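Inspection log for the structure reproduced underneath, given as structure tokens.
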Amino acid sequence: MEKIISRIHRIKLPIPFPLKSTNVYYIHDSIPTLIDTGINTDESFDKLSSAIAGYGGSLSKIQRIILTHGHPDHMGMAGRLTQYCNAAVYLHQWEQNKLLLGADKARAFHKECYLKFLKSTGLSENIKQEISMEILLRHSHIYSQITNPQIIQDGHLFQFDDFNLKTIHCPGHSSGSICLFDETSEILFAGDTVLNHITPNPAVEVIPFPEAPDYQSLTNYRLSLKKLHTLPISKVFPGHGSPFNNGNDRIKAILNHHIERRRDVINIISNYQADHNNAENGMYMYQISQQLFPNVSQNETFLCLSESSGYLDVLVDENIIKKNITARGNLYSLV
Ligand SMILES: [Zn+2]
């Protein structure tokens with residue numbers, strides 16, 4: 001395993017989000033490879049280029065870019081890099097709905113998609129507009145478009161000199177999230193599916209995709225974690241933070257966290273209904289989200305809503321709460 005690990009270099013790149021940095025992995029190999037890219041800024045580009053040079057490689061000689069998923073801090077610079085080094089970019093089939101993020105021609109459609117989700121949350125009209133504009137503006141700054149991605153599926157094998165990485169489709173954090181696993185050394189590149197110090201957000205998929213029209217993020221995420229838990233994982237290379245051991249323990253802890261949070265959502269709705277002495281009226285998603293995640297800034301509102309919606313979908317499916325669709329948004333109350 002040491003021989004393999006000596007070829008894997010973690011490069012921390014800055015991001016303008018609460019996590020502060022994202023990991024790109026440079027694999028120094030006959031086929032020089034990057035796993036993820038960071039966001040599309042000059043600062044990221046320069047840092048990546050000098051880090052690879054420091055490990056005896058060259059950014060211009062990268063031949064392969066494997067994307068763990070399509071969020072901007074992982075895919076944002078991929079388009080720009082392919083222009084620079086001619087590398088092939090690999091992306092899971094279910095992640096194709098994110099290929100045009102940040103592109104001018106898709107702006108109106110994406111705005112409509114974000115607003116459609118925000119409409120269901122009960123937020124006021126001006127806040128919905130502000131949040132969607134903020135997201136679109138951010139995307140236009142940090143995404144570069146990939147023109148010809150290689151679309152991959154579960155099981156796709158990437159060969160390296162001393163090991164192979166097998167693609168494991170892990171929908172949940174995003175629809176086309178993948179992990180990459182080497183069965184011999186038992187190392188896992190986890191993207192944002194398994195992180196050590198924060199619980200990954202099962203992000204809502206606002207842009208529809210044809211492969212799974214009834215897709216639900218949290219349900220899929222839990223199935224993916226249970227699938228990963230069957231693997232003997234010795235070392236995890238995550239999308240954010242330092243590599244860590246005991247991957248299976250961490251997966252178990254995330255699964256347990258979901259059970260606690262699910263309970264919190266039920267309690268929030270039940271307390272609200274008791275306090276308001278009105279079993280008929282429920283709560284809007286934004287009210288539930290504010291109680292689940294107090295004290296967050298407005299630019300984190302979307303992520304909080306996204307996570308809340310995962311729990312609400314599951315609880316509606318389980319017939320523990322019901323959803324009443326109103327002109328202002330969905331109201332959730334206990335069944
Ligand atoms: Zn992500």
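Scheme for the structure tokens: letters A, B, ... for chains in order shown; per-chain residue numbers from 1; ligand numbers from 1 in order shown.
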- Task: Output the neighbourhood of ligand 1 as an NGL selection string, that is, all protein and nucleic acid residues with some atom at most 10 Å from the ligand, counting only C-alpha atoms and all ligand atoms.
- Result: :A and (22 or 68-75 or 173-174 or 177 or 191-193 or 200-203 or 239-240)
Give me the residues of range 229-311 of chain A that have any atom at most 10 Å from an atom of range 323-327 of chain A; for each, the nearest atom pair and the distance in Å, rounded to one decimal. Use only C-alpha atoms, sort by chain and number, and format it as CSV.
residue,atom,partner,partner_atom,distance
A:Glu280,CA,A:Asn324,CA,9.8
A:Asn281,CA,A:Asn324,CA,9.0
A:Gly282,CA,A:Asn324,CA,8.2
A:Met283,CA,A:Lys323,CA,9.6
A:Tyr284,CA,A:Lys323,CA,9.6
- Show which residues sit within 10 Å of range 263-276 of chain A, as a ChimeraX atom specification. Count only C-alpha atoms, and ignore same-chain residues fewer than 4 positions away. /A:257-259,280-284,287-289,291-292,308,311-312,315,320-321,332-334
Output C-alpha atoms of each residue in that selection to a file, as a short mmCIF file (atom, residue, chain, number, x, y, z; two decimals), in the first residue's frame.
data_model
loop_
_atom_site.label_atom_id
_atom_site.label_comp_id
_atom_site.auth_asym_id
_atom_site.auth_seq_id
_atom_site.Cartn_x
_atom_site.Cartn_y
_atom_site.Cartn_z
CA HIS A 257 -26.56 10.83 12.39
CA HIS A 258 -29.38 10.57 9.81
CA ILE A 259 -31.52 8.66 12.31
CA GLU A 280 -54.28 21.23 10.65
CA ASN A 281 -51.69 23.85 9.80
CA GLY A 282 -48.19 22.59 9.40
CA MET A 283 -44.82 24.24 8.84
CA TYR A 284 -43.16 25.43 5.68
CA GLN A 287 -39.33 27.21 8.98
CA ILE A 288 -38.27 23.63 9.65
CA SER A 289 -34.87 24.32 8.10
CA GLN A 291 -34.95 25.33 13.40
CA LEU A 292 -32.82 22.45 12.21
CA SER A 308 -34.19 19.52 5.11
CA TYR A 311 -35.70 14.34 5.46
CA LEU A 312 -39.15 15.68 4.61
CA LEU A 315 -40.93 11.16 6.20
CA ILE A 320 -45.21 9.91 9.23
CA ILE A 321 -45.86 13.42 7.97
CA TYR A 332 -45.74 19.74 6.46
CA SER A 333 -47.70 18.34 9.39
CA LEU A 334 -47.85 15.07 11.32
#
- Query: Neighbours of Ser297 in chain A within 12 Å (only C-alpha atoms; same-chain residues fewer than 4 positions away dropped), as number ranges by chain?
  - Reply: A: 17-18, 131, 290, 293, 301-304
Take the residues from that selection and put them in a file with C-alpha atoms, as a tab-separated table (two decimals), in the first residue's frame.
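Contents of the output file selection.tsv:
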chain	number	residue	atom	x	y	z
A	17	PHE	CA	-17.50	28.20	0.77
A	18	PRO	CA	-17.62	27.40	4.49
A	131	ILE	CA	-31.01	33.07	-3.48
A	290	GLN	CA	-34.35	27.41	10.28
A	293	PHE	CA	-29.95	24.79	11.28
A	301	THR	CA	-29.78	28.86	3.20
A	302	PHE	CA	-30.00	26.79	0.04
A	303	LEU	CA	-27.84	23.97	1.43
A	304	CYS	CA	-29.90	23.89	4.63
With range 36-60 of chain A as the partner and 9 Å as the cut-off, tabulate the residues of range 69-176 of chain A that qualify, each row holding the nearest pair of atoms and their distance in Å to one decimal, using only C-alpha atoms, sorted by chain and rising number, as a Markdown table.
| residue | atom | partner | partner_atom | distance |
| --- | --- | --- | --- | --- |
| A:His69 | CA | A:Asp36 | CA | 8.1 |
| A:Pro72 | CA | A:Ile39 | CA | 5.7 |
| A:Asp73 | CA | A:Gly38 | CA | 4.7 |
| A:His74 | CA | A:Gly38 | CA | 4.8 |
| A:Met75 | CA | A:Thr37 | CA | 5.7 |
| A:Gly76 | CA | A:Ile39 | CA | 4.2 |
| A:Met77 | CA | A:Asn40 | CA | 4.1 |
| A:Ala78 | CA | A:Thr37 | CA | 5.9 |
| A:Gly79 | CA | A:Asn40 | CA | 8.6 |
| A:Arg80 | CA | A:Asn40 | CA | 7.3 |
| A:Leu81 | CA | A:Thr37 | CA | 8.3 |
| A:Tyr84 | CA | A:Ser60 | CA | 6.3 |
| A:Cys85 | CA | A:Ser60 | CA | 4.5 |
| A:Asn86 | CA | A:Ser60 | CA | 8.0 |
| A:Ala87 | CA | A:Ser60 | CA | 8.8 |
| A:His141 | CA | A:Asn40 | CA | 7.3 |
| A:Ile142 | CA | A:Asn40 | CA | 4.6 |
| A:Tyr143 | CA | A:Asn40 | CA | 5.6 |
| A:Ser144 | CA | A:Asn40 | CA | 6.3 |
Could you write out the selected residues, including N, CA and C atoms, as a tab-separated table (two decimals), in the first residue's frame?
chain	number	residue	atom	x	y	z
A	69	HIS	N	-17.86	14.02	-8.70
A	69	HIS	CA	-19.22	14.52	-8.92
A	69	HIS	C	-19.16	15.93	-9.50
A	72	PRO	N	-19.39	22.45	-8.04
A	72	PRO	CA	-18.37	23.36	-8.58
A	72	PRO	C	-16.99	23.19	-7.96
A	73	ASP	N	-16.92	22.84	-6.67
A	73	ASP	CA	-15.60	22.71	-6.04
A	73	ASP	C	-14.88	21.44	-6.48
A	74	HIS	N	-15.55	20.59	-7.25
A	74	HIS	CA	-14.92	19.36	-7.75
A	74	HIS	C	-14.77	19.38	-9.26
A	75	MET	N	-15.76	19.95	-9.95
A	75	MET	CA	-15.76	19.90	-11.41
A	75	MET	C	-15.45	21.25	-12.05
A	76	GLY	N	-15.52	22.34	-11.24
A	76	GLY	CA	-15.51	23.68	-11.81
A	76	GLY	C	-14.40	23.98	-12.82
A	77	MET	N	-13.20	23.48	-12.57
A	77	MET	CA	-12.08	23.84	-13.45
A	77	MET	C	-11.86	22.83	-14.58
A	78	ALA	N	-12.67	21.76	-14.63
A	78	ALA	CA	-12.41	20.67	-15.59
A	78	ALA	C	-12.39	21.17	-17.03
A	79	GLY	N	-13.36	22.00	-17.39
A	79	GLY	CA	-13.41	22.48	-18.78
A	79	GLY	C	-12.15	23.26	-19.15
A	80	ARG	N	-11.74	24.13	-18.25
A	80	ARG	CA	-10.53	24.93	-18.49
A	80	ARG	C	-9.30	24.03	-18.61
A	81	LEU	N	-9.22	23.00	-17.78
A	81	LEU	CA	-8.04	22.12	-17.82
A	81	LEU	C	-7.96	21.32	-19.12
A	84	TYR	N	-6.34	23.18	-21.67
A	84	TYR	CA	-4.92	23.40	-21.40
A	84	TYR	C	-4.09	22.13	-21.64
A	85	CYS	N	-4.63	20.97	-21.23
A	85	CYS	CA	-3.78	19.78	-21.30
A	85	CYS	C	-4.37	18.65	-22.14
A	86	ASN	N	-5.55	18.86	-22.72
A	86	ASN	CA	-6.11	17.83	-23.60
A	86	ASN	C	-6.47	16.52	-22.91
A	87	ALA	N	-6.69	16.57	-21.63
A	87	ALA	CA	-7.01	15.34	-20.89
A	87	ALA	C	-8.45	14.89	-21.18
A	141	HIS	N	-19.18	32.18	-12.21
A	141	HIS	CA	-17.79	32.53	-11.90
A	141	HIS	C	-16.89	31.33	-11.69
A	142	ILE	N	-17.44	30.21	-11.28
A	142	ILE	CA	-16.53	29.13	-10.85
A	142	ILE	C	-16.65	27.85	-11.68
A	143	TYR	N	-17.53	27.82	-12.68
A	143	TYR	CA	-17.61	26.66	-13.57
A	143	TYR	C	-16.99	26.99	-14.92
A	144	SER	N	-16.32	26.02	-15.51
A	144	SER	CA	-15.93	26.12	-16.91
A	144	SER	C	-16.55	24.91	-17.60
- Message: Ranking A:Ala103, A:Ile65, A:Val335, A:Ile4 by minimum distance to Thr82 in chain A and counting only C-alpha atoms, which one comes first?
- Response: A:Ile65
- Task: Select from range 160-335 of chain A everything DSSP, run on the backbone, classes as strand (DSSP E or B), then give the selection as a PyMOL selection string.
- Result: chain A and resi 164-169+178-182+187-191+235-238+244-245+283-284+321-325+330-334
- Task: Excluding range 109-123 of chain A and any residue of its chain fewer than 3 positions from it, enumerate the residues within 8 Å of it, using only C-alpha atoms, and give them as a PyMOL selection string.
- Result: chain A and resi 101+106+127-129+132-133+136+206-207+284-286+305+325+328-330
- Message: Residues within 7 Å of Pro171 in chain A, please, as a list in words. Count only C-alpha atoms; anything in the same chain fewer than 6 positions from it doesn't count.
- Response: Ser177, Asn220, Tyr221 and Ser224 of chain A
- Note on the structure: The residue from A:His197, A:Arg64, A:Lys322, A:His169 with the smallest atom-to-atom distance to Leu228 in chain A, counting only C-alpha atoms, is A:His169
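For Val236 in chain A, the residues within 8 Å (counting only C-alpha atoms, excluding itself and residues fewer than 3 positions away along the chain) are Ile187, Leu188, Phe189, Ala190, Ile233, Pro243, Phe244, Asn245, Asn246 and Gly247 of chain A.
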- Task: Pick out the closest residue to Ile146 in chain A from this set: A:Asn126, A:Gln83, A:Gln298, A:Thr167. Count only C-alpha atoms.
- Result: A:Gln83
